[in-house]
Amino acid sequence: MAKHTIVLIPGDGIGPEVTTAARRVVEAAGLSVEWVELPAGATAVEQGFENVLPQRTLAAIAAHKVALKGPVTTPIGKGFTSVNVQLRKKLNLYAAIRPARSLDGVKTRFEKVDIVVIRENTEGLYSGLEQEVVPGVVTSLKVATELACTRIARFAFRYATRRHRKRINVFHKANIMKMSDGLLLTCARRIHEEEYPNIDYEETIIDAGCMKLVQDPTRFDVLLTENLYGDVVSDLCAGLVGGLGVVGGANIGDDTAVFEAVHGSAPDIAGKGIANPLALIMSAVMMLDHVHEEVIGQRITSAYKQVLIEGKALTRDLGGTAGTSEFAEAIIARLK
Ligand code: NAD
């Protein structure tokens with residue numbers, strides 16, 4: 001088996017705890033890997049790097065093309081631009097994939113939820129173009145380009161086709177933001193008609209869409225959204241299937257990919273050894289698919305499914321009492 005070189009970014013808060021757990025599981029499942037461990041976030045500055053997204057970290061991801069990343073903390077209402085936003089823009093990781101699926105052994109209000117959120121990752125209100133026009137008046141620019149809207153729409157239809165999904169639903173607010181959200185709809189309709197008529201296509205105004213999601217999430221398949229809506233809706237979908245501890249994710253560009261959970265650095269539970277590492281382990285499984293190590297990924301998936309069904313080593317967010325490493329060890333013990 002070829003040896004993979006993968007950049008590992010522990011991140012802040014619970015990041016080091018969940019990345020250690022995910023790394024142990026991936027290695028125990030048999031991946032031949034050399035990790036290039038580098039910091040990002042507040043941790044990078046604490047370690048003496050020049051800023052929250054060190055050039056060395058960025059260059060390593062650009063060189064090795066694949067990274068597994070823990071969450072990083074971003075100050076609220078002041079301070080530096082989000083590391084995540086910078087990373088996604090600088091490496092052109094234009095598509096976020098966030099699958100939210102019901103899991104046997106995880107009790108939730110609904111069963112048989114299987115939704116994939118495809119989120120545009122580089123523009124919208126996350127362009128960071130904010131200014132104070134006059135004292136007391138600020139603006140935030142929402143940017144939409146035909147290039148990025150077409151690219152994310154094509155990505156979503158290609159993803160749906162390859163994964164044998166039936167329907168794409170664009171969540172939007174083009175009744176109000178007629179030009180920016182309207183452009184995404186125009187591009188998505190065109191890609192559907194010209195390139196992927198095989199996939200059913202729907203559009204839903206996002207406020208009604210959120211209501212429908214919490215009434216009956218089983219009627220949704222692939223959701224395509226711009227940046228901010230995708231951020232919000234993916235946490236909502238996580239809540240439908242057991243919380244942020246059980247939803248993995250990927251940020252994909254044309255030749256580079258960074259795999260990370262949907263959740264943040266969870267400062268409220270950081271350092272206590274109680275965070276659920278499953279979301280990052282699921283992200284690692286997505287990474288294994290990406291590097292064509294599907295068999296190792298399936299081995300990990302079967303093992304964590306067994307742990308969830310047995311219900312003896314669950315973390316607190318899932319109603320158990322196990323710690324982060326105990327949960328990871330339970331998965332490792334069930335690897336076949
Ligand atoms: P959060 O996702 O960190 O936490 C929300 C809630 O979910 C908290 O109660 C937390 O304890 C719980 N939670 C999250 N992950 C969990 C896990 N693996 N196991 C058990 N419980 C878990 O969101 P927040 O508190 O709004 O944000 C905290 C920080 O994280 C902020 O600085 C934010 O900017 C940052 N953030 C980073 C990323 C990222 O790096 N990709 C994503 C989202 C938020």
# chains A, B, ... in the order shown; residues from 1 in each chain; ligands from 1
>>> residues_around(residues="Ala148 of chain A", least_positions_apart="4", cutoff="9 Å", atoms="only C-alpha atoms", output="PDB file with N, CA and C atoms, in the first residue's frame")
ATOM      1  N   TYR A  94     -13.921  25.270  -2.644  1.00  0.00           N
ATOM      2  CA  TYR A  94     -15.184  25.960  -2.913  1.00  0.00           C
ATOM      3  C   TYR A  94     -16.448  25.192  -2.523  1.00  0.00           C
ATOM      4  N   GLU A 120     -21.775  26.403  -0.755  1.00  0.00           N
ATOM      5  CA  GLU A 120     -20.761  27.223  -1.437  1.00  0.00           C
ATOM      6  C   GLU A 120     -19.873  27.810  -0.347  1.00  0.00           C
ATOM      7  N   THR A 122     -16.909  29.960  -0.635  1.00  0.00           N
ATOM      8  CA  THR A 122     -15.904  31.003  -0.863  1.00  0.00           C
ATOM      9  C   THR A 122     -16.445  32.424  -0.924  1.00  0.00           C
ATOM     10  N   GLU A 123     -17.782  32.574  -1.032  1.00  0.00           N
ATOM     11  CA  GLU A 123     -18.248  33.965  -1.172  1.00  0.00           C
ATOM     12  C   GLU A 123     -19.501  34.226  -0.340  1.00  0.00           C
ATOM     13  N   ALA A 144     -21.924  37.404  -4.962  1.00  0.00           N
ATOM     14  CA  ALA A 144     -22.225  36.185  -5.714  1.00  0.00           C
ATOM     15  C   ALA A 144     -21.654  36.366  -7.111  1.00  0.00           C
ATOM     16  N   ILE A 152     -20.428  25.627  -7.997  1.00  0.00           N
ATOM     17  CA  ILE A 152     -21.008  24.866  -6.882  1.00  0.00           C
ATOM     18  C   ILE A 152     -22.230  24.069  -7.364  1.00  0.00           C
ATOM     19  N   ALA A 153     -22.986  24.646  -8.312  1.00  0.00           N
ATOM     20  CA  ALA A 153     -24.146  23.921  -8.833  1.00  0.00           C
ATOM     21  C   ALA A 153     -23.684  22.666  -9.572  1.00  0.00           C
ATOM     22  N   LEU A 184     -27.644  32.330  -8.108  1.00  0.00           N
ATOM     23  CA  LEU A 184     -27.437  30.905  -7.820  1.00  0.00           C
ATOM     24  C   LEU A 184     -28.546  30.068  -8.462  1.00  0.00           C
TER      25      LEU A 184
END
>>> select_by_dssp(residues="segment 82-114 of chain A", states="helix (DSSP H, G or I)", output="number ranges by chain")
A: 83-90
>>> residues_around(residues="Ile14 of chain A", least_positions_apart="2", cutoff="10 Å", atoms="only C-alpha atoms", output="CSV table (one decimal) with N, CA and C atoms, in the first residue's frame")
chain,number,residue,atom,x,y,z
A,10,PRO,N,-4.3,20.0,14.5
A,10,PRO,CA,-5.1,19.7,15.8
A,10,PRO,C,-6.1,20.8,16.1
A,11,GLY,N,-5.7,22.1,15.8
A,11,GLY,CA,-6.7,23.2,16.1
A,11,GLY,C,-6.8,23.6,17.5
A,12,ASP,N,-7.9,24.2,17.9
A,12,ASP,CA,-8.1,24.8,19.3
A,12,ASP,C,-9.2,24.0,20.0
A,16,PRO,N,-7.4,19.3,19.6
A,16,PRO,CA,-6.4,18.3,19.9
A,16,PRO,C,-6.9,16.9,20.4
A,17,GLU,N,-8.0,17.0,21.2
A,17,GLU,CA,-8.5,15.7,21.7
A,17,GLU,C,-9.2,14.9,20.6
A,18,VAL,N,-10.0,15.5,19.8
A,18,VAL,CA,-10.7,14.7,18.7
A,18,VAL,C,-9.7,14.3,17.6
A,19,THR,N,-8.7,15.2,17.3
A,19,THR,CA,-7.8,14.8,16.2
A,19,THR,C,-6.9,13.6,16.7
A,70,GLY,N,-8.8,19.8,12.9
A,70,GLY,CA,-9.7,20.0,14.0
A,70,GLY,C,-10.2,21.4,14.0
A,71,PRO,N,-11.2,21.7,14.8
A,71,PRO,CA,-11.8,23.1,14.8
A,71,PRO,C,-10.9,24.1,15.3
A,72,VAL,N,-11.1,25.4,14.9
A,72,VAL,CA,-10.3,26.5,15.5
A,72,VAL,C,-11.3,27.6,16.0
A,263,HIS,N,-18.7,20.8,13.7
A,263,HIS,CA,-18.6,21.5,14.9
A,263,HIS,C,-17.4,22.4,15.1
A,264,GLY,N,-17.5,23.3,16.1
A,264,GLY,CA,-16.4,24.2,16.4
A,264,GLY,C,-15.6,23.7,17.5
A,265,SER,N,-14.8,24.6,18.2
A,265,SER,CA,-13.8,24.2,19.1
A,265,SER,C,-14.4,23.9,20.5
A,266,ALA,N,-15.8,24.1,20.7
A,266,ALA,CA,-16.5,23.7,21.9
A,266,ALA,C,-15.7,24.1,23.2
A,267,PRO,N,-15.5,25.4,23.4
A,267,PRO,CA,-14.7,25.8,24.6
A,267,PRO,C,-15.4,25.4,25.9
A,268,ASP,N,-16.7,25.1,25.9
A,268,ASP,CA,-17.4,24.7,27.1
A,268,ASP,C,-17.0,23.4,27.6
A,269,ILE,N,-16.5,22.5,26.7
A,269,ILE,CA,-16.1,21.1,27.1
A,269,ILE,C,-14.6,20.9,26.8
A,270,ALA,N,-13.9,21.9,26.4
A,270,ALA,CA,-12.5,21.6,26.0
A,270,ALA,C,-11.6,21.2,27.1
A,271,GLY,N,-10.7,20.3,26.9
A,271,GLY,CA,-9.7,19.9,27.9
A,271,GLY,C,-10.3,18.9,28.9
A,272,LYS,N,-11.6,18.6,28.8
A,272,LYS,CA,-12.2,17.7,29.8
A,272,LYS,C,-12.2,16.2,29.4
A,273,GLY,N,-11.8,16.0,28.1
A,273,GLY,CA,-11.7,14.6,27.6
A,273,GLY,C,-13.1,14.0,27.4
A,274,ILE,N,-14.1,14.8,27.1
A,274,ILE,CA,-15.4,14.3,27.0
A,274,ILE,C,-16.1,14.5,25.6
A,275,ALA,N,-15.3,15.2,24.7
A,275,ALA,CA,-15.9,15.5,23.4
A,275,ALA,C,-16.1,14.2,22.6
A,276,ASN,N,-17.1,14.3,21.8
A,276,ASN,CA,-17.3,13.1,20.9
A,276,ASN,C,-16.4,13.2,19.7
A,277,PRO,N,-15.5,12.3,19.5
A,277,PRO,CA,-14.6,12.3,18.3
A,277,PRO,C,-15.2,11.8,17.0
A,324,THR,N,-13.6,10.8,25.4
A,324,THR,CA,-13.2,10.8,24.0
A,324,THR,C,-12.3,9.6,23.7
>>> closest_residue(among="A:Asp221, A:Asp255, A:Glu194, A:Asp231", to="Ala63 of chain A", atoms="only C-alpha atoms")
A:Asp255
>>> atom_distance(atom1="atom CA of Met177 of chain A", atom2="atom CA of Leu141 of chain A")
12.0 Å
>>> atom_distance(atom1="atom CA of Asn169 of chain A", atom2="atom CA of Asp114 of chain A")
13.6 Å
>>> select_by_dssp(residues="segment 60-256 of chain A", states="strand (DSSP E or B)", output="PyMOL selection string")
chain A and resi 66-69+95-101+114-120+124+130-134+137-140+143+167-172+200-205+222-225+250-252
>>> residues_around(residues="Glu27 of chain A", least_positions_apart="6", cutoff="12 Å", atoms="only C-alpha atoms", output="number ranges by chain")
A: 3-4, 20-21, 33-35, 281, 284-285, 288, 296-297, 299-300, 328, 332, 335
>>> write_last_selection(atoms="N, CA and C atoms", output="PDB file, in the first residue's frame")
ATOM      1  N   LYS A   3       2.265   4.892   0.774  1.00  0.00           N
ATOM      2  CA  LYS A   3       2.176   5.686   1.995  1.00  0.00           C
ATOM      3  C   LYS A   3       1.598   7.058   1.663  1.00  0.00           C
ATOM      4  N   HIS A   4       0.605   7.489   2.428  1.00  0.00           N
ATOM      5  CA  HIS A   4      -0.010   8.796   2.213  1.00  0.00           C
ATOM      6  C   HIS A   4       0.656   9.830   3.104  1.00  0.00           C
ATOM      7  N   THR A  20      -6.512  13.627  17.969  1.00  0.00           N
ATOM      8  CA  THR A  20      -5.723  12.499  18.482  1.00  0.00           C
ATOM      9  C   THR A  20      -6.530  11.203  18.349  1.00  0.00           C
ATOM     10  N   ALA A  21      -7.803  11.279  18.718  1.00  0.00           N
ATOM     11  CA  ALA A  21      -8.663  10.094  18.647  1.00  0.00           C
ATOM     12  C   ALA A  21      -8.815   9.620  17.195  1.00  0.00           C
ATOM     13  N   VAL A  33       0.506   5.969   6.701  1.00  0.00           N
ATOM     14  CA  VAL A  33       0.429   7.434   6.616  1.00  0.00           C
ATOM     15  C   VAL A  33       1.582   8.117   7.335  1.00  0.00           C
ATOM     16  N   GLU A  34       2.034   9.193   6.719  1.00  0.00           N
ATOM     17  CA  GLU A  34       2.951  10.094   7.414  1.00  0.00           C
ATOM     18  C   GLU A  34       2.170  11.381   7.664  1.00  0.00           C
ATOM     19  N   TRP A  35       1.981  11.719   8.936  1.00  0.00           N
ATOM     20  CA  TRP A  35       1.243  12.942   9.258  1.00  0.00           C
ATOM     21  C   TRP A  35       2.225  14.112   9.301  1.00  0.00           C
ATOM     22  N   ILE A 281     -13.963  11.558  13.140  1.00  0.00           N
ATOM     23  CA  ILE A 281     -13.687  10.225  12.587  1.00  0.00           C
ATOM     24  C   ILE A 281     -14.485  10.034  11.284  1.00  0.00           C
ATOM     25  N   ALA A 284     -12.747  11.815   8.699  1.00  0.00           N
ATOM     26  CA  ALA A 284     -11.578  11.036   8.279  1.00  0.00           C
ATOM     27  C   ALA A 284     -11.987   9.924   7.307  1.00  0.00           C
ATOM     28  N   VAL A 285     -13.167   9.350   7.509  1.00  0.00           N
ATOM     29  CA  VAL A 285     -13.657   8.329   6.571  1.00  0.00           C
ATOM     30  C   VAL A 285     -13.897   8.960   5.194  1.00  0.00           C
ATOM     31  N   LEU A 288     -10.623   9.226   3.636  1.00  0.00           N
ATOM     32  CA  LEU A 288     -10.127   7.933   3.130  1.00  0.00           C
ATOM     33  C   LEU A 288     -10.755   7.612   1.768  1.00  0.00           C
ATOM     34  N   ILE A 296     -10.460   0.780   3.998  1.00  0.00           N
ATOM     35  CA  ILE A 296     -10.118   1.177   5.374  1.00  0.00           C
ATOM     36  C   ILE A 296     -11.251   2.029   5.961  1.00  0.00           C
ATOM     37  N   GLY A 297     -11.809   2.893   5.134  1.00  0.00           N
ATOM     38  CA  GLY A 297     -12.933   3.717   5.575  1.00  0.00           C
ATOM     39  C   GLY A 297     -14.126   2.855   5.987  1.00  0.00           C
ATOM     40  N   ARG A 299     -14.061  -0.202   7.001  1.00  0.00           N
ATOM     41  CA  ARG A 299     -13.715  -0.915   8.246  1.00  0.00           C
ATOM     42  C   ARG A 299     -14.027  -0.022   9.464  1.00  0.00           C
ATOM     43  N   ILE A 300     -13.665   1.242   9.350  1.00  0.00           N
ATOM     44  CA  ILE A 300     -13.925   2.177  10.459  1.00  0.00           C
ATOM     45  C   ILE A 300     -15.431   2.398  10.624  1.00  0.00           C
ATOM     46  N   ALA A 328     -12.956   6.159  21.267  1.00  0.00           N
ATOM     47  CA  ALA A 328     -12.046   5.803  20.166  1.00  0.00           C
ATOM     48  C   ALA A 328     -11.508   4.385  20.367  1.00  0.00           C
ATOM     49  N   ILE A 332     -11.635   1.059  17.953  1.00  0.00           N
ATOM     50  CA  ILE A 332     -10.427   0.309  17.580  1.00  0.00           C
ATOM     51  C   ILE A 332     -10.595  -1.178  17.925  1.00  0.00           C
ATOM     52  N   LEU A 335     -12.517  -3.041  15.176  1.00  0.00           N
ATOM     53  CA  LEU A 335     -12.047  -3.040  13.782  1.00  0.00           C
ATOM     54  C   LEU A 335     -11.804  -4.465  13.322  1.00  0.00           C
TER      55      LEU A 335
END
>>> residues_around(residues="Val295 of chain A", least_positions_apart="2", cutoff="12 Å", atoms="only C-alpha atoms", output="ChimeraX atom specification")
/A:26,29-31,285-286,288-293,297-302,335-336
>>> atom_distance(atom1="atom CA of Gly323 of chain A", atom2="atom 19 (N, counted along the ligand's line) of ligand 1")
9.9 Å
>>> closest_residue(among="A:Glu132, A:Glu202, A:Asp317, A:Asp235", to="ligand 1", atoms="only C-alpha atoms and all ligand atoms")
A:Asp317
>>> closest_residue(among="A:Leu53, A:Ala96, A:Met287, A:Val214", to="Asn227 of chain A", atoms="only C-alpha atoms")
A:Ala96
>>> residues_around(residues="Lys142 of chain A", least_positions_apart="6", cutoff="10 Å", atoms="only C-alpha atoms", output="list of chain:residue names")
A:Glu123, A:Gly124, A:Leu125, A:Tyr126, A:Ser127, A:Gly128, A:Leu129, A:Glu130, A:Met177, A:Ser180, A:Asp181, A:Asn227, A:Leu228
